[in-house]
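As stored in run-v1.txt (compact mmCIF, C-alpha atoms):
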# COMPACT_ATOMS: atom_id res chain seq x y z
CA MET A 905 -27.32 26.59 4.82
CA SER A 906 -30.11 25.23 6.90
CA GLY A 907 -32.53 27.47 8.71
CA GLY A 908 -34.12 28.90 5.57
CA GLY A 909 -36.83 30.36 7.77
CA GLY A 910 -34.19 32.27 9.69
CA LEU A 911 -32.83 33.68 6.47
CA VAL A 912 -36.32 34.80 5.44
CA ILE A 913 -36.61 36.75 8.67
CA LEU A 914 -33.16 38.28 8.26
CA LEU A 915 -33.92 39.30 4.69
CA ASP A 916 -37.21 40.79 5.77
CA ARG A 917 -35.52 42.81 8.48
CA ALA A 918 -32.79 43.90 6.08
CA ALA A 919 -35.52 45.10 3.74
CA SER A 920 -36.72 47.44 6.46
CA GLY A 921 -33.24 48.79 6.89
CA ASP A 922 -31.95 46.67 9.75
CA ALA A 923 -28.20 46.69 9.18
CA GLY A 924 -27.61 44.28 12.07
CA ALA A 925 -29.90 41.70 10.49
CA PHE A 926 -28.14 42.24 7.19
CA LYS A 927 -24.80 41.54 8.85
CA SER A 928 -26.18 38.30 10.28
CA LEU A 929 -27.42 37.36 6.83
CA TYR A 930 -23.96 38.07 5.45
CA ASP A 931 -22.29 36.00 8.15
CA ALA A 932 -24.62 33.09 7.46
CA THR A 933 -24.29 33.06 3.69
CA SER A 934 -21.18 34.88 2.45
CA ALA A 935 -18.78 31.92 2.62
CA LYS A 936 -21.14 29.88 0.47
CA LEU A 937 -21.68 32.64 -2.07
CA PHE A 938 -17.97 33.42 -2.16
CA GLY A 939 -17.28 29.75 -2.86
CA VAL A 940 -19.79 29.80 -5.72
CA ILE A 941 -18.34 32.99 -7.20
CA LEU A 942 -14.75 31.88 -6.77
CA ARG A 943 -15.42 28.66 -8.59
CA ILE A 944 -16.67 30.61 -11.59
CA LEU A 945 -14.06 33.36 -11.59
CA HIS A 946 -11.02 31.67 -9.98
CA GLU A 947 -9.45 35.06 -9.44
CA ARG A 948 -9.78 36.15 -5.82
CA GLY A 949 -9.73 39.91 -6.20
CA GLU A 950 -12.37 39.77 -8.88
CA ALA A 951 -14.44 37.36 -6.82
CA GLU A 952 -14.28 39.75 -3.86
CA ASP A 953 -15.52 42.61 -6.04
CA VAL A 954 -18.40 40.49 -7.23
CA LEU A 955 -19.25 39.39 -3.70
CA GLN A 956 -19.43 43.04 -2.71
CA GLU A 957 -21.72 43.78 -5.65
CA VAL A 958 -23.91 40.83 -4.77
CA TYR A 959 -24.52 41.88 -1.18
CA THR A 960 -25.04 45.48 -2.17
CA THR A 961 -27.69 44.20 -4.55
CA VAL A 962 -29.20 41.96 -1.87
CA TRP A 963 -29.43 44.94 0.46
CA ARG A 964 -31.02 47.15 -2.16
CA LYS A 965 -33.42 44.52 -3.44
CA ALA A 966 -34.23 42.81 -0.17
CA ALA A 967 -37.75 44.23 -0.33
CA GLU A 968 -38.27 42.53 -3.70
CA PHE A 969 -37.49 39.11 -2.30
CA ASP A 970 -40.59 36.98 -2.41
CA ALA A 971 -40.57 33.92 -0.18
CA GLU A 972 -43.42 32.46 -2.21
CA ARG A 973 -41.26 32.30 -5.30
CA ALA A 974 -37.84 31.26 -4.07
CA SER A 975 -35.97 30.35 -0.94
CA PRO A 976 -33.56 33.01 0.30
CA ILE A 977 -30.52 30.96 -0.60
CA THR A 978 -31.84 30.20 -4.08
CA TRP A 979 -32.47 33.88 -4.59
CA MET A 980 -29.02 34.88 -3.35
CA VAL A 981 -27.16 32.13 -5.18
CA THR A 982 -28.97 33.18 -8.35
CA ILE A 983 -27.82 36.77 -7.92
CA ALA A 984 -24.28 35.62 -7.17
CA ARG A 985 -24.05 33.32 -10.17
CA ASN A 986 -25.58 35.93 -12.42
CA ARG A 987 -23.05 38.53 -11.38
CA ALA A 988 -20.12 36.17 -11.56
CA ILE A 989 -21.13 34.91 -14.99
CA ASP A 990 -21.64 38.46 -16.16
CA ARG A 991 -18.13 39.29 -15.01
CA LEU A 992 -16.76 36.19 -16.66
CA ARG A 993 -18.40 37.08 -19.97
CA SER A 994 -17.13 40.63 -19.85
CA ARG A 995 -13.54 39.50 -19.76
CA THR A 996 -12.04 40.06 -23.16
CA SER A 997 -10.23 36.80 -22.97
CA ARG A 998 -10.56 34.43 -20.13
CA PRO A 999 -7.32 33.94 -18.29
CA SER A 1000 -6.80 30.26 -17.90
CA ALA A 1001 -6.62 29.14 -14.34
CA PRO A 1002 -3.29 27.81 -13.14
CA LEU A 1003 -3.16 24.06 -13.56
CA GLU A 1004 -3.28 23.10 -9.93
CA GLU A 1005 -6.16 25.48 -9.39
CA ALA A 1006 -7.92 24.09 -12.42
CA ALA A 1007 -7.52 20.57 -11.11
CA GLU A 1008 -9.04 21.66 -7.86
CA VAL A 1009 -12.06 23.29 -9.43
CA ARG A 1010 -12.62 20.55 -11.97
CA ASP A 1011 -13.54 18.22 -9.18
CA THR A 1012 -17.10 19.38 -8.99
CA ARG A 1013 -18.47 16.45 -7.09
CA ALA A 1014 -19.29 17.40 -3.57
CA PRO A 1015 -17.20 15.50 -1.04
CA ALA A 1016 -19.19 12.90 0.79
CA ASP A 1017 -18.72 14.51 4.18
CA GLU A 1018 -20.23 17.72 2.85
CA LEU A 1019 -23.22 15.87 1.61
CA ILE A 1020 -23.91 14.50 5.05
CA ASP A 1021 -24.70 18.01 6.15
CA ALA A 1022 -26.47 18.89 2.97
CA SER A 1023 -30.17 19.55 2.94
CA THR A 1024 -32.62 16.94 1.76
CA ALA A 1025 -33.09 18.95 -1.42
CA ALA A 1026 -29.38 18.77 -2.15
CA GLN A 1027 -29.22 15.08 -1.41
CA ARG A 1028 -32.11 14.39 -3.74
CA LEU A 1029 -30.55 16.54 -6.42
CA HIS A 1030 -27.22 14.77 -6.15
CA ALA A 1031 -28.99 11.44 -6.23
CA ALA A 1032 -30.81 12.52 -9.38
CA LEU A 1033 -27.56 13.69 -10.94
CA GLY A 1034 -25.97 10.40 -9.98
CA SER A 1035 -28.64 8.49 -11.83
CA LEU A 1036 -27.87 10.22 -15.12
CA ASP A 1037 -25.60 9.14 -17.90
CA ALA A 1038 -22.19 10.21 -16.58
CA ARG A 1039 -21.53 12.50 -19.54
CA HIS A 1040 -24.87 14.23 -19.07
CA ALA A 1041 -24.26 14.74 -15.38
CA GLU A 1042 -20.77 16.06 -15.99
CA ALA A 1043 -22.03 18.48 -18.64
CA ILE A 1044 -24.62 19.85 -16.20
CA ARG A 1045 -22.08 20.15 -13.40
CA SER A 1046 -19.55 21.91 -15.57
CA THR A 1047 -21.97 24.48 -16.95
CA TYR A 1048 -23.45 25.16 -13.55
CA PHE A 1049 -20.28 25.34 -11.50
CA GLU A 1050 -17.94 26.93 -13.98
CA GLY A 1051 -20.38 29.31 -15.63
CA LEU A 1052 -19.13 28.36 -19.08
CA THR A 1053 -21.19 28.85 -22.22
CA TYR A 1054 -22.11 25.77 -24.23
CA GLU A 1055 -19.65 26.97 -26.86
CA ALA A 1056 -16.77 27.32 -24.42
CA LEU A 1057 -17.40 24.02 -22.72
CA ALA A 1058 -17.91 22.17 -26.01
CA ALA A 1059 -14.63 23.58 -27.31
CA ARG A 1060 -12.81 22.54 -24.17
CA GLU A 1061 -14.22 19.03 -24.24
CA GLY A 1062 -13.77 18.71 -27.98
CA ILE A 1063 -17.39 17.85 -28.73
CA PRO A 1064 -19.97 19.53 -30.98
CA VAL A 1065 -22.06 22.21 -29.31
CA GLY A 1066 -25.28 20.48 -30.37
CA THR A 1067 -24.19 17.29 -28.67
CA LEU A 1068 -23.33 19.06 -25.45
CA LYS A 1069 -26.58 20.96 -25.43
CA SER A 1070 -28.54 17.81 -25.97
CA TRP A 1071 -26.71 16.04 -23.12
CA VAL A 1072 -27.44 18.91 -20.77
CA ARG A 1073 -31.08 19.20 -21.71
CA ARG A 1074 -31.79 15.49 -21.60
CA GLY A 1075 -30.04 15.30 -18.28
CA LEU A 1076 -32.05 18.20 -16.91
CA LEU A 1077 -35.34 16.74 -18.10
CA ARG A 1078 -34.55 13.44 -16.48
CA MET A 1079 -33.53 15.15 -13.26
CA ARG A 1080 -36.74 17.11 -13.20
CA GLY A 1081 -38.64 13.89 -13.75
CA GLU A 1082 -36.82 12.24 -10.84
CA LEU A 1083 -37.42 15.16 -8.54
CA ALA A 1084 -41.04 15.70 -9.43
CA MET B 815 -35.31 6.71 -20.26
CA SER B 816 -37.73 6.07 -23.08
CA ASP B 817 -40.62 7.36 -21.02
CA LEU B 818 -39.10 10.81 -21.05
CA PRO B 819 -39.09 13.28 -23.90
CA ASP B 820 -35.78 13.66 -25.64
CA ASP B 821 -35.83 17.37 -25.91
CA MET B 822 -37.46 20.33 -24.30
CA ASP B 823 -39.76 22.77 -25.93
CA PRO B 824 -37.74 25.80 -26.97
CA VAL B 825 -38.99 28.13 -24.26
CA ASP B 826 -38.34 25.65 -21.48
CA GLY B 827 -34.94 24.93 -23.01
CA LEU B 828 -34.01 28.58 -23.09
CA ALA B 829 -35.16 28.96 -19.49
CA ALA B 830 -32.95 26.03 -18.48
CA ASP B 831 -29.98 27.43 -20.42
CA PHE B 832 -30.43 30.74 -18.67
CA ALA B 833 -30.75 29.18 -15.23
CA LEU B 834 -27.63 27.13 -15.84
CA GLY B 835 -25.74 30.19 -17.03
CA ALA B 836 -24.80 28.60 -20.35
CA LEU B 837 -25.89 31.44 -22.62
CA ASP B 838 -23.45 33.87 -24.16
CA ARG B 839 -23.66 37.48 -23.18
CA GLU B 840 -26.09 38.65 -25.79
CA ALA B 841 -28.48 35.73 -25.41
CA HIS B 842 -28.27 36.12 -21.63
CA ARG B 843 -29.31 39.78 -21.89
CA GLU B 844 -32.11 38.91 -24.27
CA ALA B 845 -33.37 36.29 -21.83
CA GLU B 846 -33.26 38.84 -19.03
CA ARG B 847 -35.51 41.09 -21.08
CA SER B 848 -37.90 38.20 -21.62
CA ILE B 849 -37.98 37.55 -17.89
CA ALA B 850 -39.01 41.13 -17.30
CA ARG B 851 -41.92 41.05 -19.74
CA ASP B 852 -43.05 37.43 -19.83
CA PRO B 853 -44.33 35.96 -16.56
CA ALA B 854 -44.55 32.46 -18.03
CA PHE B 855 -40.91 32.54 -19.06
CA ARG B 856 -39.95 33.95 -15.71
CA ALA B 857 -41.79 31.13 -13.97
CA ALA B 858 -39.95 28.60 -16.13
CA VAL B 859 -36.60 30.18 -15.23
CA GLU B 860 -37.45 30.25 -11.55
CA GLY B 861 -38.44 26.61 -11.72
CA TRP B 862 -35.05 25.66 -13.08
CA GLN B 863 -33.24 27.93 -10.67
CA ALA B 864 -35.01 26.31 -7.75
CA LEU B 865 -34.23 22.88 -9.09
CA LEU B 866 -30.55 23.63 -9.61
CA SER B 867 -29.75 25.80 -6.63
CA PRO B 868 -29.20 22.91 -4.18
CA LEU B 869 -26.12 22.18 -6.29
CA ALA B 870 -24.56 25.22 -4.68
CA GLU B 871 -24.64 23.40 -1.37
CA GLY B 872 -21.96 21.13 -2.72
CA VAL B 873 -19.61 24.03 -3.31
CA ALA B 874 -16.95 24.33 -0.66
CA GLU B 875 -17.41 27.40 1.49
CA VAL B 876 -14.64 29.95 1.37
CA ALA B 877 -14.66 32.67 3.98
CA PRO B 878 -14.20 36.04 2.32
CA PRO B 879 -11.65 38.39 3.90
CA PRO B 880 -13.09 40.88 6.42
CA ALA B 881 -12.31 43.79 4.10
CA VAL B 882 -15.17 42.72 1.83
CA TRP B 883 -17.73 43.20 4.56
CA GLU B 884 -16.18 46.54 5.47
CA ARG B 885 -16.62 47.71 1.89
CA ILE B 886 -20.19 46.42 1.72
CA SER B 887 -21.04 47.96 5.03
CA ALA B 888 -19.58 51.32 4.08
CA GLY B 889 -21.47 51.26 0.81
CA ILE B 890 -24.95 50.35 1.99
CA ALA B 891 -25.61 52.53 4.97
CA PRO B 892 -23.83 55.19 6.91
CA VAL B 893 -23.53 53.04 9.99
CA ALA B 894 -20.37 51.18 10.84
CA PRO B 895 -21.22 47.72 12.18
CA ASN B 896 -19.75 48.38 15.61
CA VAL B 897 -21.83 51.50 15.98
CA ALA B 898 -24.93 49.70 14.80
CA ALA B 899 -24.28 47.09 17.45
CA THR B 900 -23.79 49.53 20.28
CA SER B 901 -26.91 51.42 19.35
CA LEU B 902 -29.12 48.42 20.02
CA GLY B 903 -31.37 49.12 22.92
CA SER B 904 -30.78 52.83 22.74
CA PRO B 905 -33.50 55.22 21.61
CA ARG B 906 -31.87 55.11 18.18
CA ALA B 907 -32.66 51.45 17.70
CA SER B 908 -36.33 52.12 17.22
CA ARG B 909 -35.48 54.45 14.41
CA ALA B 910 -33.97 51.75 12.27
CA PRO B 911 -36.44 52.31 9.41
CA PHE B 912 -34.82 55.68 8.94
CA TRP B 913 -31.96 54.01 7.15
CA SER B 914 -34.28 52.33 4.72
CA SER B 915 -36.10 55.55 4.01
CA LEU B 916 -32.83 57.16 3.11
CA ALA B 917 -33.41 56.54 -0.54
CA LEU B 918 -30.53 58.77 -1.38
CA TRP B 919 -27.95 56.36 -0.05
CA ARG B 920 -29.18 53.67 -2.29
CA GLY B 921 -29.69 56.12 -5.09
CA LEU B 922 -26.10 57.20 -4.81
CA ALA B 923 -24.86 53.65 -4.72
CA GLY B 924 -26.84 52.57 -7.72
CA GLY B 925 -27.11 55.77 -9.67
CA ALA B 926 -25.02 57.41 -12.28
CA VAL B 927 -22.49 58.60 -9.78
CA ALA B 928 -19.61 56.21 -9.40
CA PHE B 929 -19.41 55.01 -5.87
CA ALA B 930 -15.69 55.08 -6.04
CA ALA B 931 -14.87 55.32 -2.42
CA VAL B 932 -16.62 55.55 0.83
CA ALA B 933 -15.21 57.09 3.92
CA VAL B 934 -17.11 56.92 7.09
CA ALA B 935 -16.25 59.53 9.62
CA MET B 936 -17.43 58.77 13.05
CA LEU B 937 -16.94 60.03 16.44
CA VAL B 938 -18.76 58.53 19.28
CA ALA B 939 -19.53 61.01 22.00
CA ARG B 940 -21.42 60.56 25.25
CA PRO B 941 -24.87 59.41 24.31
CA GLN B 942 -27.37 62.11 25.08
CA PRO B 943 -30.73 61.01 26.40
CA ALA B 944 -32.93 63.06 24.09
CA VAL B 945 -33.42 61.80 20.57
CA GLN B 946 -32.34 64.61 18.36
CA PRO B 947 -33.11 65.02 14.72
CA LEU B 948 -30.70 63.83 12.12
CA LEU B 949 -29.42 66.34 9.67
CA VAL B 950 -28.43 65.36 6.20
CA ALA B 951 -26.91 67.23 3.30
CA THR B 952 -26.18 66.00 -0.17
CA LEU B 953 -23.29 67.95 -1.52
CA ALA B 954 -23.47 68.42 -5.22
CA ALA B 955 -21.16 69.84 -7.82
CA PRO B 956 -22.36 72.84 -9.83
CA ASP B 957 -23.54 70.43 -12.53
CA GLY B 958 -25.76 68.70 -9.99
CA ALA B 959 -23.73 65.51 -9.63
CA ALA B 960 -23.82 64.34 -6.04
CA LEU B 961 -20.33 64.16 -4.62
CA LEU B 962 -20.89 63.40 -1.02
CA THR B 963 -23.57 62.90 1.54
CA ALA B 964 -23.11 64.07 5.08
CA THR B 965 -25.29 63.02 7.94
CA TYR B 966 -25.03 64.57 11.37
CA ASP B 967 -26.47 62.60 14.22
CA ALA B 968 -26.42 64.97 17.16
CA SER B 969 -27.61 62.37 19.65
CA ARG B 970 -24.54 60.30 18.92
CA GLY B 971 -22.21 63.16 18.17
CA ALA B 972 -21.34 61.62 14.85
CA VAL B 973 -20.90 62.99 11.40
CA ILE B 974 -21.02 60.38 8.72
CA LEU B 975 -19.54 61.26 5.39
CA THR B 976 -20.16 59.22 2.31
CA PRO B 977 -18.17 60.55 -0.61
CA ALA B 978 -19.70 59.46 -3.86
CA ASP B 979 -16.89 60.33 -6.16
CA LYS B 980 -13.17 60.57 -5.89
CA SER B 981 -12.52 61.09 -9.54
CA LYS B 982 -11.47 64.64 -8.66
CA ASP B 983 -8.46 63.26 -6.88
CA ASP B 984 -5.60 65.21 -8.35
CA GLY B 985 -3.28 65.31 -5.40
CA ARG B 986 -5.29 67.86 -3.55
CA THR B 987 -7.21 67.06 -0.41
CA PRO B 988 -10.94 67.64 -0.04
CA GLU B 989 -11.76 69.72 3.01
CA LEU B 990 -15.21 70.00 4.55
CA TRP B 991 -16.58 73.35 5.65
CA VAL B 992 -19.69 74.55 7.36
CA ILE B 993 -21.16 77.95 6.65
CA GLU B 994 -23.57 79.16 9.31
CA ASP B 995 -25.68 82.28 9.23
CA GLY B 996 -23.39 84.15 6.94
CA SER B 997 -20.32 83.60 9.11
CA PRO B 998 -17.07 82.76 7.36
CA PRO B 999 -16.66 79.09 6.48
CA ARG B 1000 -15.52 77.02 9.41
CA SER B 1001 -13.39 73.97 8.72
CA LEU B 1002 -14.62 70.55 9.81
CA GLY B 1003 -11.38 69.05 8.66
CA THR B 1004 -10.05 67.26 5.63
CA ILE B 1005 -11.78 64.19 4.27
CA ASP B 1006 -9.76 61.17 3.42
CA VAL B 1007 -11.60 59.39 0.66
CA SER B 1008 -8.79 57.02 -0.18
CA VAL B 1009 -9.16 54.84 2.88
CA PRO B 1010 -12.59 53.56 3.77
CA GLY B 1011 -12.84 53.57 7.51
CA SER B 1012 -13.21 55.90 10.37
CA HIS B 1013 -11.80 59.25 11.06
CA ALA B 1014 -12.89 61.70 13.63
CA ILE B 1015 -13.96 65.28 13.51
CA PRO B 1016 -13.15 67.05 16.76
CA PRO B 1017 -16.37 67.41 18.79
CA GLU B 1018 -15.91 71.12 19.37
CA ARG B 1019 -16.11 71.67 15.65
CA LEU B 1020 -19.43 69.88 15.44
CA LYS B 1021 -21.14 72.03 18.05
CA GLY B 1022 -24.02 74.04 16.75
CA LEU B 1023 -24.45 72.23 13.45
CA LYS B 1024 -28.07 72.81 12.57
CA ALA B 1025 -30.56 72.61 9.78
CA GLY B 1026 -30.09 75.40 7.32
CA SER B 1027 -26.32 75.47 7.62
CA THR B 1028 -24.47 74.95 4.39
CA LEU B 1029 -21.76 72.34 3.99
CA ALA B 1030 -19.14 72.83 1.35
CA ILE B 1031 -16.08 71.01 0.09
CA SER B 1032 -13.06 72.70 -1.33
CA LEU B 1033 -9.92 71.18 -2.72
CA GLU B 1034 -6.95 72.12 -0.63
CA PRO B 1035 -3.26 71.36 -0.52
CA LYS B 1036 -2.27 68.21 1.33
CA GLY B 1037 -2.93 68.64 5.01
CA GLY B 1038 -5.76 71.09 4.48
CA SER B 1039 -6.14 74.78 3.99
CA PRO B 1040 -3.04 76.63 5.21
CA THR B 1041 -5.02 79.75 6.05
CA GLY B 1042 -8.09 78.43 7.89
CA ALA B 1043 -10.33 79.57 5.05
CA PRO B 1044 -11.03 77.77 1.77
CA THR B 1045 -8.23 78.47 -0.69
CA GLY B 1046 -8.99 75.99 -3.45
CA PRO B 1047 -12.04 75.65 -5.67
CA VAL B 1048 -15.32 74.78 -3.98
CA VAL B 1049 -16.38 71.56 -5.69
CA ALA B 1050 -19.59 70.88 -3.88
CA THR B 1051 -22.12 72.50 -1.60
CA GLY B 1052 -25.29 71.38 0.09
CA LYS B 1053 -27.67 72.51 2.81
CA LEU B 1054 -28.27 70.51 5.95
CA THR B 1055 -31.89 69.57 6.34
CA GLY B 1056 -33.61 67.71 9.13
CA ILE B 1057 -35.00 64.28 8.42
For the file at hand, write its structure as structure tokens.
Amino acid sequence: MSGGGGLVILLDRAASGDAGAFKSLYDATSAKLFGVILRILHERGEAEDVLQEVYTTVWRKAAEFDAERASPITWMVTIARNRAIDRLRSRTSRPSAPLEEAAEVRDTRAPADELIDASTAAQRLHAALGSLDARHAEAIRSTYFEGLTYEALAAREGIPVGTLKSWVRRGLLRMRGELA
Amino acid sequence: MSDLPDDMDPVDGLAADFALGALDREAHREAERSIARDPAFRAAVEGWQALLSPLAEGVAEVAPPPAVWERISAGIAPVAPNVAATSLGSPRASRAPFWSSLALWRGLAGGAVAFAAVAVAMLVARPQPAVQPLLVATLAAPDGAALLTATYDASRGAVILTPADKSKDDGRTPELWVIEDGSPPRSLGTIDVSVPGSHAIPPERLKGLKAGSTLAISLEPKGGSPTGAPTGPVVATGKLTGI
């Protein structure tokens, strides 16, 4: 995940049609994006389809990537989450994940050893999250990682939607204040 | 906490909801439309996305199975990764921008035509020193729908087929033909669109392919035409042109 500058170069070369550079970009980022997608969709086959869509989109839109506006990984994660969430919403009814799988994905806190390798930005973000009211932090984590709507998450947690929304927004404001 | 506002202004709040992915489908679509027409809203969304994206670093990496890359690779460009790798340093490498100028590949992938299956047919012959032109034909059905794109790279001795549609699959096998200078159609072999991957066309059949020749696909019984000439309906035709 480090070497953002390297990713910029790879994206730039992919934009000019360099399939080899695109493969390198895929090798460097696909496991992360697949993890993000899988956490939202749980279902492997579906997650693989979405991953394919995401990289096809990245290839086609590589020329639109603007390093001034986002880092490559932010841009790609955004596409991946967008696609995964879109897929999640298009399900007529969401199959509930098997319990053991659900337990695994509910633990949205990054393990400490992963954080050691994490970028400064991630460490600061996790620190900011850690400083929040625990319910606010958990609400933010759950919406972000699971791709659930406020309605779905509120129903699952048995709290009013307005309350959840207010927790998330207050938490986000505070985080932004901390990170500013 | 008292030094911070308790709530966001509505636009900033909507931008945050969108960046988090907490909106339902309809609201999400509506927000996407706002992003397209409202630079200020887009900037707000991008701000939240940038703020939140480091969270993704905490997600455990999961290596996708190799088949996913194979599908991506087959869908984006008519070059199998191994071929792309071996072409580095050859005269072809400097022509890389060609692939990006091939708007039709991307058009096919993103257009109205379902990109149901992609078969890449390759055969790697002795590299020839001279860079020869690439020939490409988009084979379209009578109603104009693109069914397949064929690229012939004479310098590499490869024909790359990218079927755009396998909805016609009714048990019959598509067979590729070339029609040159009014001669009877000559078979280039059957096309397997069910398995993305490589299959070869015998080199002797590729000899003499040139701009102006017509490629055609007919639907034949399993195993290909029993007579050596098209027997089934011709579902697509297209002329080879140099690029």
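Here atom CA of B:Leu1029 is placed at a distance of 4.5 Å from atom CA of B:Val992.
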Notebook entry, point to check: Out of B:Leu828, B:Ala881, B:Ala858, B:Ile886, which residue has the shortest atom-to-atom distance to chain A when counting all atoms listed in the file?
Noted result: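 Among B:Leu828, B:Ala881, B:Ala858, B:Ile886, it is B:Ile886 that comes nearest to chain A.
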Of B:Arg847, B:Arg856, B:Lys1021, B:Arg885, the one sitting nearest chain A when using all atoms listed in the file is B:Arg885
TODO: Return the single residue from A:Pro976, A:Gly1062, A:Gly1075, A:Gly1081 that is closest to B:Ala830, with distances computed using only C-alpha atoms.
DONE: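 Closest to B:Ala830 of all the choices is A:Gly1075.
Between chain B and the residues A:Ala932, A:Val940, A:Ala1041, A:Val954, the shortest atom-to-atom distance, using all atoms listed in the file, involves A:Val940.
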From atom CA of A:Asn986 to atom CA of A:His946 the spacing works out at 15.4 Å
>> One decimal, in Å: what's the spacing between atom CA of A:His1040 and atom CA of A:Trp1071?
In response: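 Straight-line distance from atom CA of A:His1040 to atom CA of A:Trp1071 works out to 4.8 Å.
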I'd like the contact shell of stretch 915-918 of chain A - 12 Å cut-off, only C-alpha atoms, skipping same-chain residues fewer than 2 positions apart - returned as a VMD selection string.
(chain A and resid 908 to 913 920 to 930 932 to 933 959 to 971 975 to 977 979 to 980) or (chain B and resid 890 to 891 910 to 911 913 to 914)
Contacts of A:Arg1039 within 10 Å, all atoms listed in the file, excl. fewer than 3 positions in-chain, as a list in words
Leu1036, Glu1042, Ala1043, Ile1044, Arg1045, Leu1068, Trp1071, Val1072 and Gly1075 of chain A
Would you mind listing what lies within 9 Å of A:Ile944 as JSON, numbers by chain, with only C-alpha atoms counted and same-chain residues fewer than 4 positions away left out? {"A": [939, 940, 951, 985, 988, 989, 992, 1009, 1048, 1049, 1050, 1051, 1052]}
| Counting all atoms listed in the file, which of B:Thr1055, B:Ser867, B:Ser1001, B:Ser1032 gets nearest to chain A? |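 Nearest to chain A: B:Ser867.
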Identify which of the residues B:Val1049, B:Ala829, B:Val859, B:Ala870 lies closest to chain A, counting only C-alpha atoms when measuring atom-to-atom distances.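 Using only C-alpha atoms, chain A sits closest to B:Ala870.
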Could you name the residues that touch B:Leu837 at 9 Å or less, counting all atoms listed in the file, but leaving out those on the same chain fewer than 3 positions away, as a PDB file with C-alpha atoms, in the frame of the given file?
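File written: around.pdb
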ATOM      1  CA  LEU A1052     -19.130  28.360 -19.080  1.00  0.00           C
ATOM      2  CA  THR A1053     -21.190  28.850 -22.220  1.00  0.00           C
ATOM      3  CA  TYR A1054     -22.110  25.770 -24.230  1.00  0.00           C
ATOM      4  CA  GLU A1055     -19.650  26.970 -26.860  1.00  0.00           C
TER       5      GLU A1055
ATOM      6  CA  LEU B 828     -34.010  28.580 -23.090  1.00  0.00           C
ATOM      7  CA  ASP B 831     -29.980  27.430 -20.420  1.00  0.00           C
ATOM      8  CA  PHE B 832     -30.430  30.740 -18.670  1.00  0.00           C
ATOM      9  CA  LEU B 834     -27.630  27.130 -15.840  1.00  0.00           C
ATOM     10  CA  GLU B 840     -26.090  38.650 -25.790  1.00  0.00           C
ATOM     11  CA  ALA B 841     -28.480  35.730 -25.410  1.00  0.00           C
ATOM     12  CA  HIS B 842     -28.270  36.120 -21.630  1.00  0.00           C
ATOM     13  CA  ALA B 845     -33.370  36.290 -21.830  1.00  0.00           C
TER      14      ALA B 845
END
I'd like the contact shell of A:Leu955 - 8 Å cut-off, all atoms listed in the file, skipping same-chain residues fewer than 6 positions apart - returned as number ranges by chain. A: 934, 937-938, 941, 984; B: 882
